[in-house]
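Next comes data_18.txt, with compact mmCIF, C-alpha atoms.
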# COMPACT_ATOMS: atom_id res chain seq x y z
CA MET A 1 7.12 -26.97 5.14
CA SER A 2 5.05 -24.17 3.69
CA VAL A 3 6.78 -20.87 3.07
CA GLU A 4 5.08 -17.62 3.97
CA LEU A 5 6.31 -14.07 4.14
CA ASN A 6 6.16 -13.14 7.83
CA HIS A 7 7.50 -9.58 7.92
CA THR A 8 9.56 -7.08 6.01
CA ILE A 9 11.34 -3.91 7.02
CA VAL A 10 10.21 -0.68 5.38
CA HIS A 11 12.77 2.12 5.52
CA ALA A 12 11.38 5.56 6.31
CA ARG A 13 12.54 9.06 7.18
CA ASP A 14 10.20 8.87 10.18
CA LYS A 15 8.98 5.37 11.06
CA ARG A 16 5.93 6.56 13.01
CA GLU A 17 4.82 8.99 10.28
CA SER A 18 5.09 6.34 7.56
CA ALA A 19 3.40 3.62 9.63
CA GLU A 20 0.53 5.91 10.58
CA PHE A 21 0.16 7.14 6.98
CA LEU A 22 -0.21 3.63 5.54
CA ALA A 23 -2.34 2.33 8.40
CA HIS A 24 -4.72 5.27 7.96
CA ILE A 25 -5.07 4.75 4.20
CA LEU A 26 -5.65 1.01 4.55
CA GLY A 27 -7.82 1.18 7.67
CA LEU A 28 -5.30 -0.79 9.76
CA GLU A 29 -3.90 -0.35 13.25
CA VAL A 30 -0.38 0.76 14.11
CA GLY A 31 1.19 -1.67 16.56
CA SER A 32 3.28 -0.87 19.62
CA GLU A 33 6.84 0.18 18.91
CA TRP A 34 9.15 -2.80 19.26
CA GLY A 35 12.88 -2.10 19.31
CA PRO A 36 13.67 0.10 16.30
CA PHE A 37 10.37 -0.76 14.55
CA VAL A 38 6.80 0.50 14.33
CA PRO A 39 4.73 -2.42 12.99
CA VAL A 40 1.63 -2.49 10.84
CA ASP A 41 0.03 -5.95 10.57
CA THR A 42 -1.92 -7.01 7.50
CA SER A 43 -4.81 -9.48 7.56
CA ASN A 44 -2.77 -12.26 5.96
CA GLY A 45 -0.24 -12.24 8.80
CA VAL A 46 2.49 -10.16 7.15
CA THR A 47 3.91 -7.37 9.29
CA LEU A 48 5.43 -4.24 7.81
CA ASP A 49 8.09 -3.10 10.28
CA PHE A 50 8.79 0.59 9.68
CA ALA A 51 12.31 1.69 10.61
CA THR A 52 13.80 5.19 10.54
CA ILE A 53 17.01 5.51 8.54
CA PRO A 54 18.78 8.52 7.00
CA ALA A 55 16.73 9.90 4.10
CA GLU A 56 19.67 9.64 1.71
CA SER A 57 19.84 5.88 2.37
CA ILE A 58 16.22 5.18 1.39
CA VAL A 59 15.79 3.32 -1.87
CA MET A 60 12.28 3.46 -3.31
CA GLN A 61 10.40 0.18 -3.01
CA HIS A 62 7.00 -0.93 -4.28
CA TYR A 63 4.33 -2.40 -1.99
CA ALA A 64 1.05 -3.69 -3.42
CA PHE A 65 -1.97 -4.47 -1.26
CA LEU A 66 -4.83 -6.71 -2.36
CA ILE A 67 -8.02 -5.36 -0.79
CA SER A 68 -11.76 -5.88 -1.19
CA GLU A 69 -13.98 -3.59 -3.23
CA GLU A 70 -15.38 -2.11 0.00
CA GLU A 71 -11.89 -1.55 1.38
CA PHE A 72 -10.90 0.07 -1.92
CA ASP A 73 -13.82 2.49 -1.67
CA ALA A 74 -12.80 3.44 1.87
CA ALA A 75 -9.07 3.75 1.06
CA PHE A 76 -9.81 5.73 -2.11
CA ALA A 77 -12.00 8.13 -0.11
CA ARG A 78 -9.20 8.63 2.45
CA ILE A 79 -6.66 9.24 -0.35
CA ARG A 80 -8.91 11.87 -1.94
CA GLU A 81 -9.78 13.50 1.41
CA ALA A 82 -6.07 13.83 2.20
CA GLY A 83 -5.34 15.37 -1.21
CA ILE A 84 -2.86 12.60 -2.06
CA THR A 85 -1.94 12.43 -5.73
CA TYR A 86 -2.79 9.02 -7.19
CA TYR A 87 -2.26 7.40 -10.56
CA ALA A 88 -3.73 4.61 -12.65
CA ASP A 89 -0.24 3.51 -13.70
CA PRO A 90 3.09 2.87 -11.97
CA HIS A 91 4.89 5.50 -14.06
CA GLY A 92 2.68 8.38 -12.96
CA LYS A 93 1.44 9.19 -16.46
CA GLN A 94 -2.27 8.92 -15.57
CA PRO A 95 -2.78 11.20 -12.55
CA GLY A 96 -6.20 11.35 -10.95
CA GLU A 97 -7.30 8.08 -12.57
CA ILE A 98 -7.71 4.49 -11.42
CA ASN A 99 -7.13 1.36 -13.50
CA ARG A 100 -9.47 -1.56 -14.09
CA HIS A 101 -7.01 -4.39 -14.64
CA PHE A 102 -8.38 -7.94 -14.55
CA GLY A 103 -11.91 -6.71 -13.86
CA GLY A 104 -10.97 -4.95 -10.63
CA ARG A 105 -9.77 -1.50 -9.62
CA GLY A 106 -6.33 -0.26 -8.71
CA LEU A 107 -4.26 2.82 -8.13
CA TYR A 108 -0.78 3.94 -7.10
CA PHE A 109 0.31 6.61 -4.63
CA MET A 110 3.51 7.58 -2.81
CA ASP A 111 4.11 7.32 0.93
CA PRO A 112 6.00 9.97 2.96
CA ALA A 113 9.36 8.19 2.42
CA GLY A 114 8.90 8.00 -1.35
CA HIS A 115 7.83 4.36 -1.62
CA ALA A 116 5.33 3.46 -4.34
CA MET A 117 2.17 2.05 -2.79
CA GLU A 118 -0.50 0.25 -4.79
CA ILE A 119 -3.97 -0.94 -3.91
CA ILE A 120 -5.76 -3.48 -6.11
CA THR A 121 -9.00 -5.41 -5.86
CA ARG A 122 -7.99 -8.28 -8.17
CA PRO A 123 -4.61 -10.03 -8.27
CA TYR A 124 -2.59 -9.59 -11.44
CA GLY A 125 -3.28 -12.42 -13.86
CA SER A 126 -6.77 -13.09 -12.49
CA PRO A 127 -9.29 -14.22 -15.06
CA GLU A 128 -11.76 -11.49 -15.94
CA PRO A 129 -15.02 -12.00 -14.03
CA SER A 130 -17.76 -13.46 -16.20
CA ALA A 131 -20.94 -11.53 -16.93
CA GLU A 132 -22.83 -14.03 -14.76
CA SER A 133 -20.65 -13.34 -11.68
Let's see the structure in the file written out as structure tokens.
Amino acid sequence: MSVELNHTIVHARDKRESAEFLAHILGLEVGSEWGPFVPVDTSNGVTLDFATIPAESIVMQHYAFLISEEEFDAAFARIREAGITYYADPHGKQPGEINRHFGGRGLYFMDPAGHAMEIITRPYGSPEPSAES
């Protein structure tokens, strides 16, 4: 049996606001509300099920999304257009910058519930692309 992540629940102050925020940045669709959840499906079959809980119960989580260079350009443009603060590092010490880890590009930003979101174009640990690539 192969093991795949199918879905995870993302706690939010307002499930619709958080789902729409992330879907907009990543160029995804918000699914139909199902029970207590507002889903956002990713292209690899993982669903993020946003659920509203009391703000004081939310514990910050980190979600990283591997996207293409073209998708990065589009997401980065939406982040800048919305005036969202972004960072090259997870500690927020390099505001307004992107990183170039493993020959790709990446950045971090916060969602409305205070979760750390990351977009990257190369997986961590990837070999650097050769000059011939």
All residues 9 Å or closer to Tyr87 in chain A, all atoms listed in the file, same chain fewer than 3 positions away omitted, as a ChimeraX atom specification: /A:90-99,106-109
Next, dump the selected residues to file, keeping only C-alpha atoms, as an mmCIF file, in the frame of the given file.
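result20.cif, written as the output of this step:
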data_model
loop_
_atom_site.group_PDB
_atom_site.id
_atom_site.type_symbol
_atom_site.label_atom_id
_atom_site.label_comp_id
_atom_site.auth_asym_id
_atom_site.auth_seq_id
_atom_site.Cartn_x
_atom_site.Cartn_y
_atom_site.Cartn_z
ATOM 1 C CA PRO A 90 3.090 2.870 -11.970
ATOM 2 C CA HIS A 91 4.890 5.500 -14.060
ATOM 3 C CA GLY A 92 2.680 8.380 -12.960
ATOM 4 C CA LYS A 93 1.440 9.190 -16.460
ATOM 5 C CA GLN A 94 -2.270 8.920 -15.570
ATOM 6 C CA PRO A 95 -2.780 11.200 -12.550
ATOM 7 C CA GLY A 96 -6.200 11.350 -10.950
ATOM 8 C CA GLU A 97 -7.300 8.080 -12.570
ATOM 9 C CA ILE A 98 -7.710 4.490 -11.420
ATOM 10 C CA ASN A 99 -7.130 1.360 -13.500
ATOM 11 C CA GLY A 106 -6.330 -0.260 -8.710
ATOM 12 C CA LEU A 107 -4.260 2.820 -8.130
ATOM 13 C CA TYR A 108 -0.780 3.940 -7.100
ATOM 14 C CA PHE A 109 0.310 6.610 -4.630
#
Given the choices A:His101, A:His115, A:His7, A:Arg122, which gets closest to Phe21 in chain A if the distance is worked out from all atoms listed in the file?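 For Phe21 in chain A, the nearest of the candidates is A:His115.
Distances to Ile58 in chain A were evaluated for A:Val10, A:Met1, A:Val38, A:Met117 using all atoms listed in the file, and the minimum falls at A:Val10.
Counting all atoms listed in the file, the residue from A:Gly104, A:Gly83, A:Gly27, A:Gly45 that sits nearest to Gly125 in chain A is A:Gly104.
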Within 12 Å of Ser57 in chain A, counting all atoms listed in the file, which residues qualify if same-chain residues fewer than 3 places away don't, as a list in words?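 The residues satisfying every condition are His11, Ala12, Arg13, Ala51, Thr52, Ile53, Pro54, Met60, Ala113 and Gly114 of chain A.
The residue that comes closest to Pro36 in chain A, out of A:Phe50, A:Gly103, A:Pro129, A:Ala23 and on the basis of all atoms listed in the file, is A:Phe50.
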Size and centre in Å, one decimal, axis-aligned box, all listed range 4-22 of chain A atoms plus 4 Å per side, as AutoDock Vina command-line options:
--center_x 6.3 --center_y -4.3 --center_z 8.5 --size_x 21.0 --size_y 34.7 --size_z 17.0
Given the point (0.7, -3.1, 15.4) in the file's coordinates, find the residues that have an atom at most 8 Å from it, counting all atoms listed in the file, and give them as a PyMOL selection string. chain A and resi 29-33+38-41
If you count all atoms listed in the file, the residue of A:Leu28, A:Ser2, A:Glu70, A:Thr85 closest to Ala116 in chain A turns out to be A:Thr85
Calculate how many Å separate CA of Ser68 in chain A from CA of Ile120 in chain A, rounding to one decimal.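 Interatomic distance, CA of Ser68 in chain A to CA of Ile120 in chain A: 8.1 Å.
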Expressed in Å to a single decimal, how great is the separation between CA of Arg80 in chain A and CA of His24 in chain A?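 Interatomic distance here is 12.6 Å.
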In Å, how far is it from CA of Asp14 in chain A to CA of Ala55 in chain A? 9.0 Å
Identify which of the residues A:Asp111, A:Ile25, A:Ile119, A:Thr42 lies closest to Ile67 in chain A, counting all atoms listed in the file when measuring atom-to-atom distances. A:Ile119
